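To be precise, the following lines are upload-v4.tsv, and they hold TSV, C-alpha atoms and all ligand atoms.
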chain	number	residue	atom	x	y	z
A	1	MET	CA	63.98	-38.52	-133.62
A	2	PRO	CA	63.95	-35.70	-136.21
A	3	ARG	CA	62.92	-32.35	-134.78
A	4	ALA	CA	59.76	-32.04	-136.93
A	5	THR	CA	58.38	-35.34	-135.59
A	6	LEU	CA	59.14	-34.28	-132.08
A	7	LEU	CA	57.68	-30.83	-132.34
A	8	VAL	CA	53.96	-31.44	-132.66
A	9	PRO	CA	53.52	-33.81	-129.71
A	10	VAL	CA	55.63	-31.54	-127.54
A	11	LEU	CA	53.60	-28.51	-128.52
A	12	LEU	CA	50.34	-30.36	-128.10
A	13	ALA	CA	51.43	-31.41	-124.63
A	14	ALA	CA	52.15	-27.80	-123.75
A	15	LEU	CA	48.99	-26.28	-125.16
A	16	PRO	CA	48.59	-22.63	-124.41
A	17	LEU	CA	45.66	-21.45	-122.41
A	18	PRO	CA	43.35	-18.91	-123.97
A	19	GLY	CA	44.20	-15.49	-122.62
A	20	GLY	CA	43.94	-11.75	-123.11
A	21	PRO	CA	46.53	-9.52	-124.73
A	22	ARG	CA	49.93	-10.40	-123.34
A	23	PRO	CA	52.83	-9.00	-125.30
A	24	ARG	CA	56.16	-10.75	-125.62
A	25	HIS	CA	57.56	-9.85	-122.23
A	26	ALA	CA	54.64	-11.07	-120.16
A	27	PRO	CA	55.82	-13.31	-117.36
A	28	GLN	CA	54.04	-16.64	-116.75
A	29	GLU	CA	53.28	-16.71	-120.47
A	30	PRO	CA	52.00	-20.18	-121.30
A	31	GLY	CA	51.71	-19.91	-125.10
A	32	THR	CA	53.91	-21.72	-127.57
A	33	ALA	CA	57.05	-19.92	-128.64
A	34	ALA	CA	55.52	-19.33	-132.05
A	35	THR	CA	52.24	-17.88	-130.89
A	36	ARG	CA	53.88	-15.76	-128.20
A	37	ALA	CA	55.63	-13.55	-130.67
A	38	GLN	CA	52.47	-12.55	-132.50
A	39	ASP	CA	50.08	-9.72	-132.35
A	40	PRO	CA	48.41	-10.56	-129.03
A	41	THR	CA	44.85	-10.34	-130.38
A	42	THR	CA	45.67	-12.66	-133.23
A	43	ARG	CA	47.61	-14.82	-130.84
A	44	ALA	CA	44.74	-15.06	-128.38
A	45	LYS	CA	42.47	-16.13	-131.24
A	46	ALA	CA	45.02	-18.73	-132.36
A	47	ASP	CA	45.37	-19.99	-128.80
A	48	ASP	CA	41.58	-20.27	-128.48
A	49	ALA	CA	41.32	-22.13	-131.77
A	50	LEU	CA	44.12	-24.45	-130.73
A	51	ALA	CA	42.61	-25.19	-127.34
A	52	ASP	CA	39.25	-25.80	-129.01
A	53	ALA	CA	40.77	-28.19	-131.57
A	54	VAL	CA	42.38	-30.16	-128.79
A	55	ARG	CA	39.19	-30.24	-126.71
A	56	ARG	CA	37.45	-31.65	-129.77
A	57	GLY	CA	40.29	-34.15	-130.23
A	58	ASP	CA	40.85	-32.74	-133.74
A	59	VAL	CA	44.57	-33.34	-134.01
A	60	ASP	CA	44.69	-32.37	-137.69
A	61	ALA	CA	43.19	-28.95	-136.97
A	62	ALA	CA	45.55	-28.48	-134.03
A	63	ARG	CA	48.53	-29.36	-136.23
A	64	ARG	CA	47.40	-26.96	-138.93
A	65	ILE	CA	47.06	-24.08	-136.46
A	66	LEU	CA	50.45	-24.85	-134.95
A	67	ALA	CA	52.05	-25.12	-138.37
A	68	GLU	CA	50.57	-21.75	-139.33
A	69	ALA	CA	51.84	-20.22	-136.14
A	70	GLN	CA	55.27	-21.80	-136.55
A	71	ALA	CA	55.53	-20.44	-140.05
A	72	GLY	CA	54.74	-17.00	-138.68
A	73	THR	CA	51.87	-16.52	-141.12
A	74	LEU	CA	49.59	-15.08	-138.46
A	75	GLU	CA	52.12	-12.43	-137.52
A	76	GLU	CA	52.75	-11.77	-141.17
A	77	LYS	CA	49.29	-10.36	-141.67
A	78	GLY	CA	49.77	-7.02	-139.92
A	79	GLY	CA	46.78	-4.85	-139.09
A	80	THR	CA	45.60	-1.75	-137.29
A	81	PHE	CA	45.78	-0.91	-133.62
A	82	ARG	CA	43.94	1.67	-131.54
A	83	SER	CA	46.48	3.38	-129.27
A	84	GLU	CA	45.11	5.12	-126.19
A	85	MET	CA	48.52	6.73	-125.64
A	86	LEU	CA	48.36	8.35	-129.08
A	87	GLY	CA	44.60	8.76	-129.14
A	88	ALA	CA	44.64	7.35	-132.66
A	89	GLU	CA	44.59	4.24	-134.76
A	90	ILE	CA	47.92	3.21	-136.27
A	91	VAL	CA	48.91	0.58	-138.80
A	92	HIS	CA	51.55	-2.13	-138.66
A	93	LEU	CA	52.23	-3.61	-142.05
A	94	PRO	CA	52.80	-7.35	-142.46
A	95	SER	CA	56.01	-8.57	-140.75
A	96	VAL	CA	56.29	-5.49	-138.50
A	97	PHE	CA	56.50	-5.98	-134.75
A	98	PRO	CA	53.00	-5.13	-133.56
A	99	PRO	CA	52.57	-2.01	-131.40
A	100	HIS	CA	50.84	-3.70	-128.45
A	101	GLU	CA	53.97	-4.10	-126.35
A	102	GLY	CA	54.94	-0.48	-126.99
A	103	GLU	CA	51.53	0.63	-125.79
A	104	TYR	CA	51.14	-1.64	-122.76
A	105	TYR	CA	54.71	-2.07	-121.53
A	106	VAL	CA	56.76	0.92	-122.69
A	107	GLY	CA	53.81	3.33	-122.91
A	108	PRO	CA	53.30	3.84	-119.16
A	109	PHE	CA	56.92	4.98	-118.78
A	110	LEU	CA	56.55	7.43	-121.68
A	111	VAL	CA	53.27	8.84	-120.38
A	112	ASP	CA	54.67	9.29	-116.84
A	113	HIS	CA	57.77	11.01	-118.25
A	114	ALA	CA	56.04	12.96	-121.04
A	115	ARG	CA	57.73	16.27	-120.20
A	116	LEU	CA	61.13	14.61	-120.64
A	117	PHE	CA	60.56	14.78	-124.42
A	118	ALA	CA	59.25	18.33	-124.71
A	119	GLY	CA	61.54	20.50	-126.80
A	120	LYS	CA	64.07	17.65	-127.20
A	121	ARG	CA	65.93	15.99	-130.06
A	122	CYS	CA	65.04	12.31	-129.82
A	123	LEU	CA	66.28	9.10	-131.39
A	124	GLU	CA	64.55	5.72	-131.32
A	125	ILE	CA	66.55	2.64	-132.33
A	126	GLY	CA	64.39	-0.26	-133.57
A	127	CYS	CA	61.10	1.57	-134.08
A	128	GLY	CA	58.78	-1.13	-135.51
A	129	SER	CA	55.41	0.51	-136.22
A	130	GLY	CA	56.72	3.76	-134.74
A	131	ILE	CA	54.39	3.81	-131.76
A	132	LEU	CA	57.10	5.08	-129.37
A	133	SER	CA	58.51	7.66	-131.77
A	134	LEU	CA	55.00	8.95	-132.44
A	135	ALA	CA	54.48	9.27	-128.69
A	136	MET	CA	57.73	11.24	-128.24
A	137	ALA	CA	56.67	13.55	-131.07
A	138	LYS	CA	53.21	13.92	-129.56
A	139	PHE	CA	54.76	14.77	-126.19
A	140	GLY	CA	56.57	17.72	-127.75
A	141	ALA	CA	59.88	16.47	-129.14
A	142	THR	CA	61.17	18.97	-131.68
A	143	ARG	CA	62.54	16.21	-133.89
A	144	VAL	CA	62.46	12.41	-133.80
A	145	VAL	CA	64.81	10.24	-135.82
A	146	CYS	CA	63.95	6.54	-135.81
A	147	THR	CA	65.56	3.49	-137.36
A	148	ASP	CA	64.72	-0.12	-138.18
A	149	ILE	CA	66.09	-2.99	-140.26
A	150	ASN	CA	62.63	-3.85	-141.58
A	151	PRO	CA	61.59	-1.76	-144.62
A	152	LYS	CA	57.93	-2.41	-143.79
A	153	ALA	CA	58.52	-0.87	-140.36
A	154	ILE	CA	59.86	2.31	-141.97
A	155	GLU	CA	56.85	2.35	-144.30
A	156	SER	CA	54.50	1.89	-141.32
A	157	VAL	CA	56.10	4.75	-139.38
A	158	ARG	CA	55.82	7.11	-142.35
A	159	GLU	CA	52.18	6.18	-142.87
A	160	ASN	CA	51.42	6.60	-139.16
A	161	ALA	CA	53.25	9.91	-138.93
A	162	LYS	CA	51.14	11.17	-141.84
A	163	ARG	CA	47.92	9.96	-140.22
A	164	LEU	CA	48.75	11.75	-136.98
A	165	GLY	CA	49.94	14.96	-138.65
A	166	LEU	CA	53.47	14.39	-137.29
A	167	ALA	CA	55.26	13.76	-140.58
A	168	GLY	CA	57.20	17.04	-140.32
A	169	LYS	CA	58.83	15.92	-137.07
A	170	ILE	CA	59.62	12.26	-137.74
A	171	ASP	CA	62.54	11.10	-139.85
A	172	ALA	CA	62.38	7.30	-140.29
A	173	ARG	CA	65.54	5.64	-141.64
A	174	LEU	CA	66.15	2.12	-142.90
A	175	VAL	CA	69.17	0.23	-141.54
A	176	SER	CA	70.88	-2.04	-144.03
A	177	LYS	CA	71.42	-5.68	-143.07
A	178	ASP	CA	75.05	-5.17	-144.11
A	179	ASP	CA	75.69	-2.90	-141.16
A	180	MET	CA	73.25	-3.30	-138.30
A	181	ALA	CA	75.18	-1.25	-135.76
A	182	ALA	CA	73.02	1.07	-133.71
A	183	TYR	CA	74.14	4.32	-135.37
A	184	ALA	CA	74.73	2.95	-138.87
A	185	VAL	CA	72.35	5.50	-140.40
A	186	ILE	CA	73.04	8.33	-137.95
A	187	GLY	CA	75.37	11.09	-139.06
A	188	LYS	CA	78.65	11.46	-137.17
A	189	ASP	CA	77.62	14.82	-135.76
A	190	GLU	CA	74.00	14.05	-134.91
A	191	ILE	CA	73.39	14.46	-131.20
A	192	PHE	CA	70.24	13.58	-129.25
A	193	ASP	CA	68.88	14.60	-125.88
A	194	VAL	CA	66.92	11.37	-125.53
A	195	ILE	CA	67.81	7.98	-127.01
A	196	LEU	CA	65.04	5.43	-126.61
A	197	SER	CA	65.03	1.76	-127.52
A	198	ASN	CA	62.85	-1.29	-127.02
A	199	PRO	CA	65.36	-3.54	-128.77
A	200	PRO	CA	65.35	-7.27	-129.49
A	201	TYR	CA	65.62	-8.55	-125.94
A	202	SER	CA	67.48	-11.83	-126.38
A	203	LEU	CA	71.22	-11.87	-126.95
A	204	ASP	CA	72.40	-14.80	-129.06
A	205	LEU	CA	75.83	-14.39	-130.61
A	206	ASP	CA	75.26	-17.57	-132.64
A	207	ALA	CA	72.00	-16.41	-134.25
A	208	PRO	CA	72.09	-16.15	-138.05
A	209	ASP	CA	70.27	-12.80	-138.15
A	210	ASN	CA	68.62	-10.09	-136.08
A	211	THR	CA	64.87	-10.33	-135.56
A	212	PRO	CA	62.48	-8.32	-133.37
A	213	LEU	CA	63.29	-10.83	-130.59
A	214	ILE	CA	66.94	-11.71	-131.12
A	215	ASP	CA	70.04	-9.54	-131.33
A	216	LYS	CA	73.05	-11.38	-132.64
A	217	GLY	CA	75.18	-8.84	-130.88
A	218	ASP	CA	75.36	-5.98	-133.38
A	219	LEU	CA	72.88	-3.71	-131.72
A	220	GLY	CA	72.98	-3.53	-127.91
A	221	PHE	CA	76.66	-2.95	-127.28
A	222	SER	CA	77.14	-0.59	-130.22
A	223	MET	CA	74.19	1.38	-128.88
A	224	ILE	CA	75.97	1.94	-125.56
A	225	ARG	CA	79.35	2.65	-127.16
A	226	GLY	CA	77.72	5.27	-129.41
A	227	PHE	CA	76.49	7.36	-126.46
A	228	GLU	CA	79.93	8.91	-126.33
A	229	ARG	CA	79.32	10.54	-129.70
A	230	HIS	CA	75.52	10.78	-130.01
A	231	LEU	CA	74.09	11.36	-126.53
A	232	ALA	CA	74.02	15.00	-125.47
A	233	ARG	CA	76.10	15.92	-122.40
A	234	ASP	CA	73.03	16.07	-120.17
A	235	GLY	CA	71.00	13.61	-122.26
A	236	VAL	CA	69.42	10.37	-121.15
A	237	ALA	CA	69.04	6.98	-122.79
A	238	VAL	CA	65.95	4.95	-121.89
A	239	LEU	CA	66.29	1.25	-122.67
A	240	PHE	CA	63.77	-1.54	-122.28
A	241	PHE	CA	65.70	-4.80	-122.66
A	242	ASN	CA	63.55	-6.64	-120.14
A	243	SER	CA	65.19	-10.02	-120.36
A	244	LEU	CA	67.29	-10.65	-117.31
A	245	PHE	CA	70.58	-11.66	-118.90
A	246	TYR	CA	70.83	-9.00	-121.59
A	247	HIS	CA	69.50	-6.32	-119.26
A	248	GLN	CA	72.10	-7.07	-116.57
A	249	LEU	CA	74.89	-7.38	-119.11
A	250	ILE	CA	74.04	-3.95	-120.53
A	251	VAL	CA	73.94	-2.47	-117.03
A	252	LYS	CA	77.45	-3.78	-116.33
A	253	PHE	CA	78.74	-2.82	-119.77
A	254	ALA	CA	77.50	0.78	-119.52
A	255	ARG	CA	78.88	1.12	-115.99
A	256	HIS	CA	82.20	-0.28	-117.14
A	257	LEU	CA	82.34	2.44	-119.80
A	258	GLY	CA	81.89	4.99	-117.04
A	259	TYR	CA	78.18	5.83	-117.33
A	260	GLU	CA	75.67	6.35	-114.58
A	261	VAL	CA	73.03	3.60	-114.84
A	262	ARG	CA	69.72	3.39	-113.03
A	263	THR	CA	67.84	0.14	-113.28
A	264	HIS	CA	64.56	-1.51	-112.44
A	265	ASN	CA	65.62	-5.06	-113.18
A	266	ALA	CA	63.66	-7.42	-115.37
A	267	LEU	CA	62.08	-10.33	-113.55
A	268	GLY	CA	62.08	-12.73	-116.44
A	269	MET	CA	64.26	-14.14	-119.15
A	270	SER	CA	63.25	-15.03	-122.68
A	271	PRO	CA	63.36	-18.67	-123.84
A	272	TRP	CA	65.73	-17.59	-126.61
A	273	GLU	CA	68.20	-16.41	-124.00
A	274	PHE	CA	67.82	-19.62	-122.01
A	275	GLU	CA	68.52	-21.51	-125.23
A	276	ALA	CA	71.64	-19.48	-126.08
A	277	LEU	CA	73.05	-19.74	-122.56
A	278	PHE	CA	72.25	-23.46	-122.18
A	279	ASN	CA	73.82	-24.24	-125.54
A	280	HIS	CA	76.98	-22.36	-124.77
A	281	TYR	CA	77.64	-24.41	-121.67
A	282	ALA	CA	76.26	-27.62	-123.17
A	283	ARG	CA	78.91	-27.40	-125.89
A	284	ARG	CA	81.60	-27.47	-123.24
A	285	VAL	CA	79.97	-30.48	-121.59
A	286	ALA	CA	79.67	-32.27	-124.96
A	287	GLU	CA	83.36	-31.75	-125.59
A	288	ARG	CA	84.35	-33.03	-122.17
A	289	GLU	CA	82.07	-36.07	-122.42
A	290	ARG	CA	83.12	-36.67	-126.05
A	291	VAL	CA	79.57	-36.81	-127.44
A	292	PRO	CA	78.41	-34.94	-130.58
A	293	LYS	CA	77.35	-31.40	-129.67
A	294	GLU	CA	73.96	-31.99	-131.37
A	295	ALA	CA	73.19	-34.61	-128.70
A	296	LEU	CA	73.24	-31.91	-126.03
A	297	THR	CA	71.78	-29.02	-128.02
A	298	PHE	CA	68.72	-27.28	-126.63
A	299	HIS	CA	65.81	-25.78	-128.54
A	300	HIS	CA	63.41	-23.43	-126.78
A	301	VAL	CA	60.31	-25.21	-128.15
A	302	VAL	CA	61.46	-28.82	-128.30
A	303	ASP	CA	62.88	-28.65	-124.79
A	304	ASN	CA	60.07	-26.46	-123.51
A	305	LEU	CA	62.39	-23.84	-122.08
A	306	PRO	CA	60.59	-21.38	-119.85
A	307	PHE	CA	59.42	-18.00	-121.06
A	308	ALA	CA	60.33	-16.43	-117.78
A	309	LEU	CA	61.59	-17.20	-114.37
A	310	THR	CA	59.44	-15.79	-111.67
A	311	ILE	CA	62.23	-14.50	-109.59
A	312	GLU	CA	61.38	-14.11	-105.97
A	313	MET	CA	64.78	-12.86	-104.99
A	314	ARG	CA	64.41	-9.99	-102.61
A	315	GLN	CA	67.80	-8.59	-103.50
A	316	PHE	CA	66.52	-7.97	-107.01
A	317	GLU	CA	63.58	-5.90	-105.79
A	318	PRO	CA	64.33	-2.37	-106.87
A	319	LYS	CA	63.42	0.43	-104.56
A	320	ALA	CA	61.21	2.75	-106.55
A	321	ASN	CA	64.25	4.94	-107.24
A	322	PRO	CA	63.47	7.39	-110.02
A	323	LEU	CA	64.90	6.27	-113.34
A	324	VAL	CA	65.16	9.85	-114.52
A	325	GLU	CA	66.31	12.67	-112.27
A	326	GLY	CA	63.42	14.95	-111.42
A	327	PHE	CA	60.72	12.33	-112.07
A	328	ALA	CA	59.89	10.83	-108.69
A	329	THR	CA	56.84	8.86	-109.80
A	330	GLY	CA	57.27	6.27	-107.03
A	331	LYS	CA	56.60	3.52	-109.56
A	332	VAL	CA	58.65	0.51	-110.60
A	333	TYR	CA	59.16	0.20	-114.35
A	334	ARG	CA	60.15	-3.43	-114.73
A	335	GLY	CA	62.81	-4.12	-117.31
A	336	PHE	CA	63.81	-0.48	-117.84
A	337	LEU	CA	67.22	1.04	-117.38
A	338	THR	CA	68.48	4.54	-118.01
A	339	VAL	CA	71.98	5.70	-118.88
A	340	THR	CA	73.41	9.18	-118.33
A	341	ARG	CA	76.88	10.61	-118.06
A	342	LYS	CA	78.30	10.85	-114.57
A	343	ARG	CA	77.75	14.31	-113.15
B	401	LIG	C1	60.93	-5.44	-129.93
B	401	LIG	S1	60.75	-4.62	-131.47
B	401	LIG	C2	60.21	-3.03	-130.90
B	401	LIG	C3	59.47	-2.22	-131.94
B	401	LIG	C4	58.88	-0.90	-131.42
B	401	LIG	N1	59.89	-0.04	-130.87
B	401	LIG	C5	57.80	-1.17	-130.39
B	401	LIG	O1	58.07	-0.96	-129.21
B	401	LIG	O2	56.71	-1.60	-130.79
B	401	LIG	C6	62.45	-4.40	-131.92
B	401	LIG	C7	62.64	-3.75	-133.27
B	401	LIG	O3	64.04	-3.61	-133.53
B	401	LIG	C8	64.27	-3.85	-134.90
B	401	LIG	N2	65.69	-4.17	-135.04
B	401	LIG	C9	66.32	-5.36	-134.84
B	401	LIG	N3	67.66	-5.22	-135.05
B	401	LIG	C10	67.87	-3.90	-135.38
B	401	LIG	C11	69.02	-3.13	-135.73
B	401	LIG	N4	70.24	-3.67	-135.75
B	401	LIG	N5	68.86	-1.80	-136.02
B	401	LIG	C12	67.62	-1.23	-135.99
B	401	LIG	N6	66.50	-1.93	-135.67
B	401	LIG	C13	66.62	-3.23	-135.38
B	401	LIG	C14	63.31	-4.95	-135.26
B	401	LIG	O4	63.06	-5.01	-136.65
B	401	LIG	C15	62.07	-4.54	-134.44
B	401	LIG	O5	61.23	-3.71	-135.19

How does the structure come out when it is put into structure tokens?
Ligand SMILES: C[S@@+](CC[C@H](N)C(=O)[O-])C[C@H]1O[C@@H](n2cnc3c(N)ncnc32)[C@H](O)[C@@H]1O
Amino acid sequence: MPRATLLVPVLLAALPLPGGPRPRHAPQEPGTAATRAQDPTTRAKADDALADAVRRGDVDAARRILAEAQAGTLEEKGGTFRSEMLGAEIVHLPSVFPPHEGEYYVGPFLVDHARLFAGKRCLEIGCGSGILSLAMAKFGATRVVCTDINPKAIESVRENAKRLGLAGKIDARLVSKDDMAAYAVIGKDEIFDVILSNPPYSLDLDAPDNTPLIDKGDLGFSMIRGFERHLARDGVAVLFFNSLFYHQLIVKFARHLGYEVRTHNALGMSPWEFEALFNHYARRVAERERVPKEALTFHHVVDNLPFALTIEMRQFEPKANPLVEGFATGKVYRGFLTVTRKR
């Protein structure tokens, strides 16, 4: 059966429940893959409308809402967002990753570690609306450089920096799709005390392009390799991968390169990572069983791959070890890891 014919019944069978704001990393997320990635407020509205259409038995309306969500048109709209962390309203232009996740998931770490940024040179890789860079500037960074591949993200950051009176501190730079390595637009001799990133959290080496959710491999590893040149001797990198596979891989990779890594492991894995990992192994099975690889290819929506595993493995429970020396908050920051040089 062609994928398009398959999609709607599958999605209708797995209708999302109406819910409050739950950014992309939320575990137990029941929404469709398409609606999950959106601005949570918009998404919640779309989920409500979808559930309502199904309750009414209005399949045409349900299909229209799903088609809109699949096409990403809801996310495309952009909007404004009131950030408590910044004490201000910021904008995210159409197509820019909305700031909700930054506020609700990364924000608590930044607030608890606010003095880490005071007087520091900071870099953010993959800044979206700029919510995290604005926070670092607000918490006293002397200078914040931030990068993104989306021109609308760079425009949003500049607009937000102006609104908050932080334009003098924030230098937003566009990364060209021709070279999406982590330090592509960073000068050879630029050094930072803090390097922060909430990067695309799914690794898929077969993906055609990078998106806010998927890294085709250009970003994560080059980010770690570049610490040698761009992270100050006593600097710290704060990374929020928060999808189990990529997070753990980065932990191992950074340790292999000789860095000190502290980690509060992610508890979930994104459906895009499930898809990439399943497909890699499925290709080997297809070859061995001599069937076309398409017959055993997985798709996160069609095959209803989970958004997250709820991992109950005790050995993965981090002790509330501080992620940054001198910041014994006693809290667990799920999905975060920090990298420093060995002392
Ligand atoms: C998960 S979003 C996070 C956005 C923002 N930091 C936040 O927390 O709201 C990841 C961002 O990385 C950007 N991105 C993806 N690949 C990139 C690359 N190679 N270099 C720079 N930015 C990239 C995406 O456009 C997206 O804005």

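Interatomic distance, atom N2 of ligand LIG 401 (chain B) to CA of Gly187 in chain A: 18.5 Å.
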
List all protein, DNA and RNA residues that have an atom no more than 8 Å from any atom of ligand LIG 401 (chain B), counting all atoms listed in the file, and report them as a PDB file with C-alpha atoms, keeping the file's coordinate frame.
ATOM      1  CA  VAL A  96      56.290  -5.490-138.500  1.00  0.00           C
ATOM      2  CA  PHE A  97      56.500  -5.980-134.750  1.00  0.00           C
ATOM      3  CA  PRO A  98      53.000  -5.130-133.560  1.00  0.00           C
ATOM      4  CA  PRO A  99      52.570  -2.010-131.400  1.00  0.00           C
ATOM      5  CA  HIS A 100      50.840  -3.700-128.450  1.00  0.00           C
ATOM      6  CA  GLU A 101      53.970  -4.100-126.350  1.00  0.00           C
ATOM      7  CA  GLY A 102      54.940  -0.480-126.990  1.00  0.00           C
ATOM      8  CA  GLU A 103      51.530   0.630-125.790  1.00  0.00           C
ATOM      9  CA  VAL A 106      56.760   0.920-122.690  1.00  0.00           C
ATOM     10  CA  GLU A 124      64.550   5.720-131.320  1.00  0.00           C
ATOM     11  CA  ILE A 125      66.550   2.640-132.330  1.00  0.00           C
ATOM     12  CA  GLY A 126      64.390  -0.260-133.570  1.00  0.00           C
ATOM     13  CA  CYS A 127      61.100   1.570-134.080  1.00  0.00           C
ATOM     14  CA  GLY A 128      58.780  -1.130-135.510  1.00  0.00           C
ATOM     15  CA  SER A 129      55.410   0.510-136.220  1.00  0.00           C
ATOM     16  CA  GLY A 130      56.720   3.760-134.740  1.00  0.00           C
ATOM     17  CA  ILE A 131      54.390   3.810-131.760  1.00  0.00           C
ATOM     18  CA  LEU A 132      57.100   5.080-129.370  1.00  0.00           C
ATOM     19  CA  SER A 133      58.510   7.660-131.770  1.00  0.00           C
ATOM     20  CA  THR A 147      65.560   3.490-137.360  1.00  0.00           C
ATOM     21  CA  ASP A 148      64.720  -0.120-138.180  1.00  0.00           C
ATOM     22  CA  ILE A 149      66.090  -2.990-140.260  1.00  0.00           C
ATOM     23  CA  ASN A 150      62.630  -3.850-141.580  1.00  0.00           C
ATOM     24  CA  ALA A 153      58.520  -0.870-140.360  1.00  0.00           C
ATOM     25  CA  LEU A 174      66.150   2.120-142.900  1.00  0.00           C
ATOM     26  CA  VAL A 175      69.170   0.230-141.540  1.00  0.00           C
ATOM     27  CA  LYS A 177      71.420  -5.680-143.070  1.00  0.00           C
ATOM     28  CA  ASP A 179      75.690  -2.900-141.160  1.00  0.00           C
ATOM     29  CA  MET A 180      73.250  -3.300-138.300  1.00  0.00           C
ATOM     30  CA  ALA A 181      75.180  -1.250-135.760  1.00  0.00           C
ATOM     31  CA  ALA A 182      73.020   1.070-133.710  1.00  0.00           C
ATOM     32  CA  SER A 197      65.030   1.760-127.520  1.00  0.00           C
ATOM     33  CA  ASN A 198      62.850  -1.290-127.020  1.00  0.00           C
ATOM     34  CA  PRO A 199      65.360  -3.540-128.770  1.00  0.00           C
ATOM     35  CA  PRO A 200      65.350  -7.270-129.490  1.00  0.00           C
ATOM     36  CA  TYR A 201      65.620  -8.550-125.940  1.00  0.00           C
ATOM     37  CA  ASN A 210      68.620 -10.090-136.080  1.00  0.00           C
ATOM     38  CA  THR A 211      64.870 -10.330-135.560  1.00  0.00           C
ATOM     39  CA  PRO A 212      62.480  -8.320-133.370  1.00  0.00           C
ATOM     40  CA  LEU A 213      63.290 -10.830-130.590  1.00  0.00           C
ATOM     41  CA  ILE A 214      66.940 -11.710-131.120  1.00  0.00           C
ATOM     42  CA  ASP A 215      70.040  -9.540-131.330  1.00  0.00           C
ATOM     43  CA  ASP A 218      75.360  -5.980-133.380  1.00  0.00           C
ATOM     44  CA  LEU A 219      72.880  -3.710-131.720  1.00  0.00           C
TER      45      LEU A 219
END

Residues within 9 Å of Gly217 in chain A, all atoms listed in the file, excluding chain neighbours under 4 positions, as a PyMOL selection string
chain A and resi 203-207+210+221-222

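If you look at CA of Ala135 in chain A and CA of Asp209 in chain A, they are 28.7 Å away from each other.
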
Nearest to Ala114 in chain A, restricted to only C-alpha atoms and choosing among A:Thr329, A:Glu155, A:Asn279, A:Lys77, comes out as A:Thr329

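Our summary of the geometry notes that CA of Leu267 in chain A is positioned 18.1 Å from CA of Pro322 in chain A.
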
Closest atom pairs, residues of range 133-215 of chain A within 9 Å of range 85-92 of chain A, all atoms listed in the file, as a Markdown table:
| residue | atom | partner | partner_atom | distance |
| --- | --- | --- | --- | --- |
| A:Leu134 | CA | A:Leu86 | CA | 7.5 |
| A:Ala135 | CA | A:Leu86 | CA | 6.2 |
| A:Lys138 | CA | A:Leu86 | CA | 7.4 |
| A:Lys152 | CA | A:His92 | CA | 8.2 |
| A:Ala153 | CA | A:His92 | CA | 7.3 |
| A:Glu155 | CA | A:His92 | CA | 8.9 |
| A:Ser156 | CA | A:His92 | CA | 5.7 |
| A:Val157 | CA | A:His92 | CA | 8.3 |
| A:Glu159 | CA | A:Val91 | CA | 7.7 |
| A:Asn160 | CA | A:Ile90 | CA | 5.7 |
| A:Ala161 | CA | A:Ile90 | CA | 9.0 |
| A:Arg163 | CA | A:Ile90 | CA | 7.8 |
| A:Leu164 | CA | A:Ala88 | CA | 7.4 |

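Among the candidate residues A:Ala137, A:Leu231, A:Ile170, A:Ala237, the one lying nearest to Leu196 in chain A is A:Ala237, with distances computed using only C-alpha atoms.
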
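Residues lying within 10 Å of (57.8, 13.3, -120.8). Counted over all atoms listed in the file, they are A:Phe109, A:Leu110, A:Val111, A:Asp112, A:His113, A:Ala114, A:Arg115, A:Leu116, A:Phe117, A:Ala118, A:Lys120, A:Ala135, A:Met136, A:Lys138, A:Phe139, A:Gly140, A:Ala141, A:Phe327.
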
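Considering all atoms listed in the file, the residue among A:Glu325, A:Met269, A:Leu93, A:Ser83 positioned nearest to Pro151 in chain A is A:Leu93.
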
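Minimum distance to Met223 in chain A across A:Val285, A:Ile154, A:Cys122, A:Val339 (counting all atoms listed in the file) occurs at A:Val339.
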
Would you mind putting back N, CA and C atoms on range 88-95 of chain A, then writing it out as a PDB file, keeping the file's coordinate frame?
ATOM      1  N   ALA A  88      44.811   7.550-131.206  1.00  0.00           N
ATOM      2  CA  ALA A  88      44.640   7.350-132.660  1.00  0.00           C
ATOM      3  C   ALA A  88      44.834   5.890-133.020  1.00  0.00           C
ATOM      4  N   GLU A  89      44.360   5.588-134.241  1.00  0.00           N
ATOM      5  CA  GLU A  89      44.590   4.240-134.760  1.00  0.00           C
ATOM      6  C   GLU A  89      45.848   4.265-135.626  1.00  0.00           C
ATOM      7  N   ILE A  90      46.708   3.273-135.435  1.00  0.00           N
ATOM      8  CA  ILE A  90      47.920   3.210-136.270  1.00  0.00           C
ATOM      9  C   ILE A  90      47.968   1.875-137.008  1.00  0.00           C
ATOM     10  N   VAL A  91      48.799   1.829-138.033  1.00  0.00           N
ATOM     11  CA  VAL A  91      48.910   0.580-138.800  1.00  0.00           C
ATOM     12  C   VAL A  91      50.251  -0.083-138.510  1.00  0.00           C
ATOM     13  N   HIS A  92      50.265  -1.411-138.630  1.00  0.00           N
ATOM     14  CA  HIS A  92      51.550  -2.130-138.660  1.00  0.00           C
ATOM     15  C   HIS A  92      51.453  -3.087-139.836  1.00  0.00           C
ATOM     16  N   LEU A  93      52.277  -2.830-140.815  1.00  0.00           N
ATOM     17  CA  LEU A  93      52.230  -3.610-142.050  1.00  0.00           C
ATOM     18  C   LEU A  93      52.693  -5.039-141.770  1.00  0.00           C
ATOM     19  N   PRO A  94      52.364  -5.968-142.663  1.00  0.00           N
ATOM     20  CA  PRO A  94      52.800  -7.350-142.460  1.00  0.00           C
ATOM     21  C   PRO A  94      54.300  -7.431-142.169  1.00  0.00           C
ATOM     22  N   SER A  95      54.630  -8.272-141.198  1.00  0.00           N
ATOM     23  CA  SER A  95      56.010  -8.570-140.750  1.00  0.00           C
ATOM     24  C   SER A  95      56.543  -7.580-139.718  1.00  0.00           C
TER      25      SER A  95
END
